[in-house]
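Undergrad: My structure is in structure.cif, and what it holds is mmCIF, C-alpha atoms:
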data_protein
#
loop_
_atom_site.label_atom_id
_atom_site.label_comp_id
_atom_site.auth_asym_id
_atom_site.auth_seq_id
_atom_site.Cartn_x
_atom_site.Cartn_y
_atom_site.Cartn_z
CA MET A 1 0.00 0.00 0.00
CA SER A 2 1.34 3.43 -0.87
CA SER A 3 1.24 6.38 1.48
CA GLY A 4 -2.12 7.91 2.24
CA GLY A 5 -4.02 4.66 1.88
CA VAL A 6 -4.02 4.79 -1.95
CA VAL A 7 -3.52 1.38 -3.56
CA PRO A 8 -3.10 0.89 -7.33
CA ALA A 9 -6.20 -0.76 -8.78
CA ARG A 10 -5.59 -4.35 -9.86
CA LEU A 11 -8.17 -4.62 -12.60
CA ARG A 12 -8.14 -8.36 -13.13
CA VAL A 13 -9.79 -11.63 -12.27
CA GLY A 14 -8.25 -12.96 -9.04
CA THR A 15 -6.26 -16.20 -9.32
CA GLY A 16 -5.35 -17.00 -5.69
CA PRO A 17 -7.23 -19.78 -3.84
CA ALA A 18 -9.49 -17.46 -1.84
CA ALA A 19 -10.19 -15.30 -4.91
CA ALA A 20 -10.96 -18.36 -7.02
CA VAL A 21 -13.42 -19.73 -4.47
CA LEU A 22 -15.05 -16.33 -3.97
CA HIS A 23 -15.42 -15.99 -7.75
CA ALA A 24 -17.00 -19.44 -7.99
CA VAL A 25 -19.55 -18.50 -5.33
CA ARG A 26 -20.14 -15.09 -6.90
CA ALA A 27 -20.54 -16.41 -10.44
CA GLY A 28 -22.39 -19.66 -9.75
CA GLY A 29 -24.09 -19.19 -6.39
CA PRO A 30 -25.86 -20.72 -4.71
CA VAL A 31 -23.25 -23.49 -4.97
CA THR A 32 -22.14 -26.34 -2.73
CA ARG A 33 -18.55 -27.11 -1.80
CA ASP A 34 -18.54 -30.06 -4.20
CA GLN A 35 -19.65 -27.80 -7.03
CA ILE A 36 -16.86 -25.33 -6.21
CA VAL A 37 -14.27 -28.13 -6.40
CA THR A 38 -15.59 -28.96 -9.87
CA ALA A 39 -15.49 -25.31 -10.95
CA VAL A 40 -11.97 -24.43 -9.78
CA ASP A 41 -8.57 -26.09 -10.15
CA LEU A 42 -8.14 -26.77 -6.43
CA SER A 43 -8.28 -29.83 -4.21
CA ALA A 44 -11.29 -30.51 -2.00
CA ALA A 45 -9.18 -29.85 1.10
CA THR A 46 -8.02 -26.47 -0.23
CA VAL A 47 -11.56 -25.50 -1.17
CA ASN A 48 -12.80 -26.42 2.30
CA ARG A 49 -10.09 -24.31 3.95
CA GLN A 50 -10.89 -21.30 1.76
CA VAL A 51 -14.64 -21.69 2.25
CA ASN A 52 -14.19 -21.79 6.03
CA ALA A 53 -11.96 -18.70 5.94
CA LEU A 54 -14.41 -16.79 3.73
CA LEU A 55 -17.29 -17.79 6.03
CA GLU A 56 -15.38 -16.56 9.08
CA ALA A 57 -14.63 -13.29 7.29
CA LYS A 58 -18.35 -12.93 6.48
CA LEU A 59 -17.65 -12.66 2.78
CA ILE A 60 -19.84 -15.67 2.01
CA THR A 61 -22.67 -17.27 3.93
CA GLU A 62 -24.33 -20.68 4.22
CA ARG A 63 -27.92 -20.93 3.05
CA PRO A 64 -29.58 -23.95 4.71
CA ASP A 65 -32.92 -22.63 3.48
CA LEU A 66 -31.80 -23.56 -0.05
CA VAL A 67 -30.92 -27.18 0.72
CA ASP A 68 -32.34 -29.66 -1.80
CA THR A 69 -34.64 -31.69 0.45
CA GLY A 70 -35.05 -34.35 -2.22
CA ALA A 71 -31.33 -35.16 -2.47
CA ILE A 72 -30.02 -38.51 -1.30
CA GLY A 73 -27.49 -38.64 1.53
CA ARG A 74 -26.16 -35.92 3.80
CA PRO A 75 -27.56 -32.51 2.86
CA LYS A 76 -25.08 -30.20 1.14
CA ILE A 77 -25.57 -26.62 2.28
CA PRO A 78 -25.39 -24.08 -0.58
CA LEU A 79 -23.17 -21.02 -0.32
CA THR A 80 -23.80 -17.49 -1.57
CA LEU A 81 -22.10 -14.13 -1.19
CA ASP A 82 -22.85 -12.41 2.10
CA ARG A 83 -24.45 -9.20 0.87
CA ASP A 84 -25.33 -7.79 4.28
CA HIS A 85 -22.07 -7.11 6.13
CA TYR A 86 -19.96 -5.08 3.71
CA CYS A 87 -20.13 -2.48 0.99
CA VAL A 88 -17.81 -0.42 -1.19
CA ALA A 89 -18.09 3.24 -2.22
CA GLY A 90 -17.05 4.71 -5.54
CA MET A 91 -17.30 7.67 -7.86
CA HIS A 92 -17.01 8.22 -11.58
CA VAL A 93 -16.01 11.78 -12.44
CA GLY A 94 -17.13 12.51 -15.99
CA ALA A 95 -16.86 15.65 -18.08
CA LEU A 96 -20.62 16.23 -17.80
CA ARG A 97 -21.83 14.03 -14.96
CA THR A 98 -20.37 12.59 -11.77
CA ALA A 99 -21.84 9.39 -10.32
CA LEU A 100 -21.54 8.55 -6.62
CA VAL A 101 -22.41 4.98 -5.72
CA VAL A 102 -22.45 2.48 -2.85
CA ALA A 103 -22.55 -1.22 -3.80
CA ASP A 104 -22.54 -4.64 -2.15
CA LEU A 105 -19.98 -7.39 -2.72
CA ARG A 106 -21.85 -8.65 -5.77
CA GLY A 107 -21.49 -5.25 -7.40
CA ARG A 108 -25.20 -4.55 -6.98
CA THR A 109 -25.90 -0.86 -6.50
CA LEU A 110 -27.36 -0.12 -3.09
CA TYR A 111 -27.69 3.60 -3.72
CA SER A 112 -26.41 6.04 -6.29
CA HIS A 113 -26.53 9.77 -6.83
CA ALA A 114 -25.69 11.79 -9.93
CA ILE A 115 -24.33 15.34 -9.97
CA ARG A 116 -23.73 17.66 -12.89
CA THR A 117 -19.95 17.98 -12.87
CA GLN A 118 -20.19 21.55 -14.12
CA GLU A 119 -21.71 22.52 -10.76
CA PHE A 120 -18.12 22.40 -9.50
CA ALA A 121 -16.63 24.26 -12.46
CA GLY A 122 -16.82 27.64 -10.77
CA ILE A 123 -14.95 26.71 -7.60
CA ASP A 124 -11.32 25.94 -6.85
CA ALA A 125 -10.31 22.49 -8.06
CA SER A 126 -9.09 21.36 -4.63
CA ASP A 127 -12.39 22.45 -3.09
CA ALA A 128 -14.30 20.56 -5.77
CA VAL A 129 -12.35 17.36 -5.08
CA ARG A 130 -12.85 17.72 -1.33
CA ARG A 131 -16.59 18.34 -1.72
CA LEU A 132 -17.08 15.33 -3.99
CA CYS A 133 -15.26 13.09 -1.53
CA GLY A 134 -17.36 14.48 1.30
CA LEU A 135 -20.56 13.79 -0.61
CA LEU A 136 -19.51 10.17 -1.14
CA ARG A 137 -18.77 9.88 2.58
CA GLU A 138 -22.27 11.17 3.35
CA LEU A 139 -23.73 8.60 0.97
CA ALA A 140 -21.76 5.76 2.58
CA ASP A 141 -22.89 6.91 6.04
CA ARG A 142 -26.44 6.00 5.07
CA PHE A 143 -25.32 2.37 5.29
CA SER A 144 -23.94 2.51 8.82
CA GLY A 145 -24.98 -1.10 9.37
CA ARG A 146 -22.37 -2.20 6.84
CA ARG A 147 -18.60 -1.91 6.96
CA VAL A 148 -17.12 -0.02 4.03
CA LEU A 149 -14.26 -2.19 2.72
CA TRP A 150 -12.77 -0.04 -0.02
CA GLY A 151 -13.24 3.11 -2.03
CA GLY A 152 -12.78 3.62 -5.75
CA ALA A 153 -12.65 6.48 -8.22
CA ALA A 154 -12.70 6.41 -12.03
CA ILE A 155 -11.87 9.58 -13.93
CA GLY A 156 -10.79 10.75 -17.37
CA GLY A 157 -7.53 12.55 -17.96
CA ALA A 158 -4.23 11.43 -16.44
CA VAL A 159 -4.14 9.23 -13.33
CA ASP A 160 -1.15 8.35 -11.17
CA ALA A 161 -2.38 5.01 -9.81
CA ASP A 162 0.31 4.88 -7.10
CA THR A 163 -0.55 8.23 -5.52
CA GLY A 164 -4.12 8.89 -6.64
CA ILE A 165 -3.06 12.25 -8.11
CA VAL A 166 -5.12 13.19 -11.18
CA ASP A 167 -5.17 15.72 -14.01
CA HIS A 168 -8.43 16.45 -15.81
CA PRO A 169 -7.93 19.13 -18.49
CA ILE A 170 -11.64 19.53 -19.27
CA LEU A 171 -12.36 20.32 -15.61
CA ASN A 172 -9.14 22.33 -15.21
CA TRP A 173 -7.92 19.95 -12.52
CA HIS A 174 -4.13 19.84 -12.28
CA ARG A 175 -2.27 17.58 -9.84
CA GLN A 176 -5.32 17.11 -7.67
CA PRO A 177 -5.03 14.60 -4.77
CA LEU A 178 -8.25 12.74 -5.47
CA GLY A 179 -6.98 9.49 -3.94
CA PRO A 180 -5.64 10.98 -0.68
CA GLU A 181 -8.78 13.10 -0.24
CA LEU A 182 -11.02 10.09 -0.83
CA THR A 183 -9.21 7.82 1.62
CA ALA A 184 -9.29 10.61 4.21
CA ALA A 185 -13.03 11.03 3.71
CA LEU A 186 -13.91 7.33 3.75
CA GLY A 187 -11.35 6.14 6.29
CA VAL A 188 -10.48 3.07 4.18
CA PRO A 189 -7.97 2.28 1.41
CA VAL A 190 -8.94 3.51 -2.05
CA SER A 191 -7.91 2.97 -5.66
CA VAL A 192 -8.06 5.47 -8.52
CA SER A 193 -8.20 4.41 -12.16
CA GLU A 194 -8.46 5.93 -15.62
CA HIS A 195 -12.15 5.70 -16.47
CA VAL A 196 -12.09 3.71 -19.72
CA GLN A 197 -9.85 1.10 -18.11
CA ALA A 198 -12.34 1.00 -15.24
CA MET A 199 -15.24 0.51 -17.66
CA ALA A 200 -13.40 -2.38 -19.29
CA ALA A 201 -12.86 -3.82 -15.81
CA ALA A 202 -16.60 -3.63 -15.13
CA ASP A 203 -17.36 -5.78 -18.17
CA LEU A 204 -14.49 -8.10 -17.34
CA ILE A 205 -14.82 -8.45 -13.56
CA LEU A 206 -18.43 -7.71 -12.72
CA SER A 207 -20.11 -9.39 -15.68
CA GLY A 208 -17.48 -11.70 -17.11
CA SER A 209 -18.53 -10.69 -20.63
CA MET A 210 -14.92 -10.06 -21.71
CA ASP A 211 -13.67 -13.25 -20.06
CA HIS A 212 -14.38 -15.55 -23.00
CA GLY A 213 -11.34 -14.73 -25.12
CA GLN A 214 -7.68 -14.19 -24.42
CA SER A 215 -7.79 -10.56 -25.49
CA GLY A 216 -10.38 -7.81 -25.75
CA LEU A 217 -10.75 -4.24 -26.98
CA PHE A 218 -13.00 -1.80 -25.09
CA PHE A 219 -13.86 1.37 -27.01
CA TYR A 220 -15.63 4.36 -25.40
CA ALA A 221 -17.07 7.41 -27.13
CA ARG A 222 -19.21 10.15 -25.64
CA GLU A 223 -17.95 13.70 -25.12
CA THR A 224 -14.51 12.12 -24.84
CA VAL A 225 -13.10 9.03 -26.54
CA GLY A 226 -10.92 6.32 -25.08
CA MET A 227 -9.78 2.75 -25.45
CA ALA A 228 -8.62 -0.03 -23.15
CA MET A 229 -7.29 -3.53 -23.75
CA THR A 230 -7.69 -6.74 -21.80
CA PHE A 231 -5.38 -9.74 -21.90
CA ALA A 232 -5.99 -13.09 -20.20
CA GLY A 233 -8.46 -11.78 -17.65
CA GLU A 234 -6.68 -8.50 -16.88
CA VAL A 235 -7.10 -4.91 -18.02
CA HIS A 236 -3.83 -3.63 -19.46
CA GLN A 237 -2.60 -0.70 -17.36
CA PRO A 238 0.54 0.85 -18.87
CA MET A 239 3.23 1.80 -16.36
CA HIS A 240 3.06 5.47 -17.33
CA GLY A 241 -0.71 5.78 -17.56
CA ALA A 242 -3.33 5.28 -20.22
CA GLY A 243 -2.67 6.28 -23.80
CA THR A 244 -5.09 8.29 -25.90
CA ILE A 245 -6.95 7.86 -29.17
CA ALA A 246 -8.28 11.45 -29.14
CA GLY A 247 -5.94 12.37 -32.00
CA LEU A 248 -6.67 9.30 -34.14
CA PRO A 249 -7.02 10.71 -37.68
CA VAL A 250 -10.41 10.08 -39.28
CA ALA A 251 -12.27 11.19 -42.41
CA PRO A 252 -15.17 13.11 -40.80
CA GLY A 253 -17.30 14.06 -43.82
CA ILE A 254 -19.73 16.85 -42.86
CA LEU A 255 -18.62 16.63 -39.22
CA SER A 256 -15.61 18.83 -39.99
CA THR A 257 -14.38 21.24 -42.65
CA GLU A 258 -11.10 19.32 -42.76
CA PRO A 259 -10.63 16.20 -44.93
CA ILE A 260 -8.86 14.54 -41.99
CA ALA A 261 -9.61 15.45 -38.37
CA PRO A 262 -8.86 14.11 -34.87
CA LEU A 263 -11.46 11.62 -33.66
CA GLN A 264 -12.13 13.61 -30.47
CA SER A 265 -13.19 16.68 -32.46
CA VAL A 266 -15.98 14.97 -34.43
CA ILE A 267 -17.71 12.90 -31.75
CA GLY A 268 -20.42 13.97 -29.29
CA THR A 269 -22.87 16.80 -28.90
CA GLU A 270 -20.22 19.50 -29.34
CA ALA A 271 -19.46 18.14 -32.81
CA THR A 272 -23.17 18.23 -33.67
CA ALA A 273 -23.43 21.83 -32.48
CA SER A 274 -20.34 22.73 -34.50
CA VAL A 275 -21.92 21.33 -37.67
CA ALA A 276 -25.11 23.32 -37.04
CA ALA A 277 -23.17 26.54 -36.45
CA ARG A 278 -21.03 26.08 -39.53
CA LEU A 279 -23.96 25.32 -41.84
CA GLY A 280 -26.16 27.98 -40.30
CA VAL A 281 -29.02 25.49 -40.02
CA GLN A 282 -29.86 22.46 -37.92
CA PRO A 283 -28.79 19.55 -40.14
CA ASP A 284 -30.85 16.40 -40.33
CA ALA A 285 -30.09 14.35 -37.23
CA SER A 286 -30.07 11.11 -39.22
CA VAL A 287 -27.37 12.46 -41.52
CA ILE A 288 -25.13 13.33 -38.58
CA ALA A 289 -25.87 9.94 -37.00
CA ASP A 290 -24.85 8.19 -40.24
CA HIS A 291 -21.56 10.09 -40.39
CA GLN A 292 -20.74 9.47 -36.72
CA ALA A 293 -21.53 5.77 -37.10
CA ARG A 294 -19.19 5.56 -40.09
CA VAL A 295 -16.42 7.43 -38.27
CA LEU A 296 -16.77 5.23 -35.20
CA GLY A 297 -16.84 2.01 -37.21
CA GLU A 298 -13.73 2.98 -39.13
CA ALA A 299 -11.93 4.09 -35.94
CA VAL A 300 -12.71 0.80 -34.19
CA ALA A 301 -11.59 -1.10 -37.29
CA ALA A 302 -8.26 0.79 -37.33
CA MET A 303 -7.54 -0.21 -33.74
CA ARG A 304 -8.77 -3.78 -34.35
CA ASP A 305 -6.33 -4.14 -37.22
CA VAL A 306 -3.45 -3.09 -34.96
CA ILE A 307 -4.36 -5.25 -31.95
CA ASN A 308 -6.46 -8.03 -33.51
CA PRO A 309 -8.40 -8.79 -30.29
CA ASP A 310 -10.65 -11.79 -29.75
CA GLU A 311 -13.61 -9.55 -28.96
CA ILE A 312 -14.72 -5.91 -28.99
CA ILE A 313 -17.05 -4.14 -26.57
CA VAL A 314 -18.18 -0.54 -27.06
CA ALA A 315 -19.79 1.96 -24.71
CA GLY A 316 -20.86 5.59 -24.61
CA ASP A 317 -23.70 7.65 -26.00
CA ALA A 318 -21.99 8.13 -29.36
CA PHE A 319 -22.53 4.44 -30.06
CA ALA A 320 -26.20 4.63 -29.05
CA THR A 321 -27.43 7.63 -31.03
CA HIS A 322 -28.19 5.94 -34.34
CA PRO A 323 -31.81 4.80 -34.79
CA GLN A 324 -30.55 1.46 -36.11
CA GLY A 325 -28.33 0.88 -33.10
CA LEU A 326 -24.90 -0.62 -33.75
CA ALA A 327 -25.76 -1.95 -37.21
CA PRO A 328 -24.32 1.06 -39.12
CA VAL A 329 -21.19 1.02 -36.93
CA GLN A 330 -20.78 -2.70 -37.61
CA ALA A 331 -21.23 -2.15 -41.36
CA ALA A 332 -18.58 0.58 -41.42
CA PHE A 333 -16.28 -1.61 -39.33
CA ASP A 334 -16.73 -4.58 -41.66
CA ALA A 335 -15.98 -2.42 -44.69
CA ALA A 336 -12.87 -0.85 -43.18
CA THR A 337 -11.09 -3.70 -41.39
CA ARG A 338 -8.24 -5.38 -43.26
CA ILE A 339 -8.49 -8.63 -41.27
CA ASP A 340 -10.62 -11.33 -42.89
CA ARG A 341 -11.88 -12.92 -39.65
CA PRO A 342 -15.43 -11.65 -38.96
CA LEU A 343 -15.79 -9.99 -35.55
CA GLN A 344 -18.99 -8.82 -33.92
CA ILE A 345 -19.03 -5.50 -32.07
CA ASN A 346 -20.94 -5.88 -28.80
CA PRO A 347 -22.35 -3.18 -26.52
CA THR A 348 -21.38 -3.11 -22.86
CA CYS A 349 -23.83 -5.09 -20.75
CA PHE A 350 -24.17 -2.09 -18.42
CA GLY A 351 -25.70 0.24 -21.02
CA ILE A 352 -25.96 3.85 -19.86
CA GLY A 353 -24.96 2.68 -16.37
CA VAL A 354 -21.38 1.86 -17.40
CA PRO A 355 -19.83 4.90 -15.62
CA GLU A 356 -21.44 3.82 -12.36
CA ALA A 357 -20.29 0.23 -12.96
CA ALA A 358 -16.76 1.53 -13.57
CA ALA A 359 -16.66 3.13 -10.13
CA ILE A 360 -17.91 -0.09 -8.53
CA ALA A 361 -15.36 -2.20 -10.42
CA VAL A 362 -12.46 -0.08 -9.13
CA ALA A 363 -13.80 -0.22 -5.57
CA LEU A 364 -14.27 -4.00 -5.72
CA SER A 365 -11.09 -4.88 -7.61
CA ALA A 366 -8.96 -5.35 -4.48
CA VAL A 367 -11.70 -7.41 -2.84
CA TYR A 368 -11.92 -9.75 -5.80
CA VAL A 369 -8.15 -10.15 -6.14
CA ASP A 370 -7.30 -10.82 -2.47
CA PRO A 371 -10.52 -10.93 -0.40
CA LEU A 372 -9.10 -12.20 2.90
CA ALA A 373 -6.32 -9.61 2.93
CA VAL A 374 -8.82 -6.79 2.35
CA VAL A 375 -11.06 -7.90 5.22
#
Take the structure in this file and express it as structure tokens.
TA:
Amino acid sequence: MSSGGVVPARLRVGTGPAAAVLHAVRAGGPVTRDQIVTAVDLSAATVNRQVNALLEAKLITERPDLVDTGAIGRPKIPLTLDRDHYCVAGMHVGALRTALVVADLRGRTLYSHAIRTQEFAGIDASDAVRRLCGLLRELADRFSGRRVLWGGAAIGGAVDADTGIVDHPILNWHRQPLGPELTAALGVPVSVSEHVQAMAAADLILSGSMDHGQSGLFFYARETVGMAMTFAGEVHQPMHGAGTIAGLPVAPGILSTEPIAPLQSVIGTEATASVAARLGVQPDASVIADHQARVLGEAVAAMRDVINPDEIIVAGDAFATHPQGLAPVQAAFDAATRIDRPLQINPTCFGIGVPEAAAIAVALSAVYVDPLAVV
């Protein structure tokens, strides 16, 4: 653990014995001990030891009410996550909206609250950070019957995972101690992550939807654009922070006066407003949607051709604006990719709730990697 209670987020599927057993209960529960042995690569004795330790730590619980009364022989008591003793608290700081959330060990939201981020635009950045952390503390206090295990924050811009120091150019935040302020407010260790990596972790860790292949590409586009990669059950977190695809050159069509423009400049509501201002009229929304779908499909194809992932998941309002859903994006992707293997683009399973899920994933990541150490 680094100073100030800030711990780098380990955005991956846990592989230790306790983590493996907890994952088996979380993913398959209610399950018996015999079923866990079948699901994980551990001996029956090891599974029993881990189950007993997780029971003592109140991370899982026995459910005698779910015993199969028709089974032959000694009843086998099912196990489920204990959702009543603990919770985690997290925030996702977006350019337009900040989500504050408290969740149980399953990742189920117990309570959430959304704030327009621009409400803090007029105050000093350090005051804004302190106020947001205080608001999350107030939200967590509503669940005084539960012990808060961990805190998490997901944010765009640059994140120093070791210190929790962040830069967010859109909000004019420079070297802000989001991690230290959050751990001081919550009184527990916290992790801070770049938000697109955190969104990828939500699909990987909370849902398992990116756990089917060895590699995955997560592509986000709203008012900002971003990309994250997963390899063998882990979100790739470069040593010196997340890269950027904001400057990826694209052919924008009517979305820009330039023949080639940076991806960031032609995506989102600001791009739509720019088109309207330039043309002096409100252009047909379907025309803009067609152009954005083409740009997005070609951008995803460009990154696919470089990385060649096993699967692709996309998120963000820019992917949801077309009346035909992802079909036009898929068509543009299929036309642009240079790799023959067909690949389906899939939406995040969290829909418009992916920012909230990102905050939860960061807050739960340490629990899922080493549950007994966290407790």
Undergrad: Using all atoms listed in the file, pick whichever of A:Val101, A:Val190, A:Arg142, A:Arg49 has the shortest atom-to-atom distance to Ser365 (chain A).
TA: A:Val190
Undergrad: Using only C-alpha atoms, find all polymer residues with an atom at most 7 Å away from the point (-17.5, 5.1, -9.4); report them as a PyMOL selection string.
TA: chain A and resi 90-92+99-101+152-154+355-360
Undergrad: Applied to this file, what does the PyMOL selection byres ((chain A and resi 306) around 12) return in terms of residues, put as a PyMOL selection string?
TA: chain A and resi 217+229+299-305+307-309+337-339
Undergrad: What is the distance between CA of Ala200 (chain A) and CA of Leu135 (chain A), in Å to one decimal?
TA: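 Between these atoms lies a distance of 25.7 Å.
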Undergrad: Got a sec: who's within 8 Å of Pro78 (chain A), counting all atoms listed in the file, leaving out chain neighbours fewer than 4 positions off, as a list of chain:residue names?
TA: A:Gly29, A:Pro30, A:Val31, A:Thr32, A:Arg33, A:Glu62, A:Arg63, A:Pro64, A:Leu66, A:Val67
Undergrad: For the selection you just gave me, I'd like the residues written to a file as a compact mmCIF listing (two decimals), in the coordinates of the input, keeping C-alpha atoms.
TA:
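Result written to part29.txt:
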# COMPACT_ATOMS: atom_id res chain seq x y z
CA GLY A 29 -24.09 -19.19 -6.39
CA PRO A 30 -25.86 -20.72 -4.71
CA VAL A 31 -23.25 -23.49 -4.97
CA THR A 32 -22.14 -26.34 -2.73
CA ARG A 33 -18.55 -27.11 -1.80
CA GLU A 62 -24.33 -20.68 4.22
CA ARG A 63 -27.92 -20.93 3.05
CA PRO A 64 -29.58 -23.95 4.71
CA LEU A 66 -31.80 -23.56 -0.05
CA VAL A 67 -30.92 -27.18 0.72
Undergrad: As a compact mmCIF listing (two decimals), in the frame of the given file, could you write out region 248-256 of chain A once it has been completed with all heavy atoms?
TA:
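As a result, out.txt now contains:
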# COMPACT_ATOMS: atom_id res chain seq x y z
N LEU A 248 -6.61 10.26 -33.04
CA LEU A 248 -6.67 9.30 -34.14
C LEU A 248 -7.24 9.97 -35.39
O LEU A 248 -8.36 10.48 -35.35
CB LEU A 248 -7.54 8.11 -33.74
CG LEU A 248 -7.61 6.95 -34.74
CD1 LEU A 248 -6.28 6.21 -34.80
CD2 LEU A 248 -8.73 5.98 -34.33
N PRO A 249 -6.52 10.01 -36.49
CA PRO A 249 -7.02 10.71 -37.68
C PRO A 249 -8.16 9.95 -38.35
O PRO A 249 -8.06 8.75 -38.59
CB PRO A 249 -5.79 10.79 -38.59
CG PRO A 249 -4.91 9.68 -38.14
CD PRO A 249 -5.15 9.51 -36.68
N VAL A 250 -9.24 10.67 -38.64
CA VAL A 250 -10.41 10.08 -39.28
C VAL A 250 -10.88 10.99 -40.41
O VAL A 250 -10.55 12.17 -40.46
CB VAL A 250 -11.56 9.87 -38.27
CG1 VAL A 250 -11.17 8.87 -37.20
CG2 VAL A 250 -11.98 11.20 -37.63
N ALA A 251 -11.66 10.42 -41.33
CA ALA A 251 -12.27 11.19 -42.41
C ALA A 251 -13.68 11.55 -41.97
O ALA A 251 -14.59 10.73 -42.03
CB ALA A 251 -12.30 10.36 -43.69
N PRO A 252 -13.92 12.79 -41.49
CA PRO A 252 -15.17 13.11 -40.80
C PRO A 252 -16.37 13.42 -41.69
O PRO A 252 -17.49 13.47 -41.20
CB PRO A 252 -14.79 14.35 -39.98
CG PRO A 252 -13.72 15.00 -40.79
CD PRO A 252 -12.96 13.89 -41.45
N GLY A 253 -16.15 13.66 -42.98
CA GLY A 253 -17.30 14.06 -43.82
C GLY A 253 -17.82 15.42 -43.38
O GLY A 253 -17.05 16.35 -43.16
N ILE A 254 -19.14 15.54 -43.21
CA ILE A 254 -19.73 16.85 -42.86
C ILE A 254 -19.44 17.24 -41.42
O ILE A 254 -19.74 18.37 -41.01
CB ILE A 254 -21.24 16.85 -43.08
CG1 ILE A 254 -21.94 15.92 -42.08
CG2 ILE A 254 -21.60 16.50 -44.50
CD1 ILE A 254 -23.44 16.14 -42.01
N LEU A 255 -18.86 16.33 -40.62
CA LEU A 255 -18.62 16.63 -39.22
C LEU A 255 -17.47 17.61 -39.03
O LEU A 255 -17.25 18.11 -37.93
CB LEU A 255 -18.32 15.34 -38.45
CG LEU A 255 -19.44 14.29 -38.47
CD1 LEU A 255 -18.99 13.02 -37.78
CD2 LEU A 255 -20.70 14.83 -37.80
N SER A 256 -16.72 17.89 -40.08
CA SER A 256 -15.61 18.83 -39.99
C SER A 256 -15.36 19.43 -41.37
O SER A 256 -15.69 18.83 -42.39
CB SER A 256 -14.35 18.12 -39.47
OG SER A 256 -13.22 18.97 -39.55
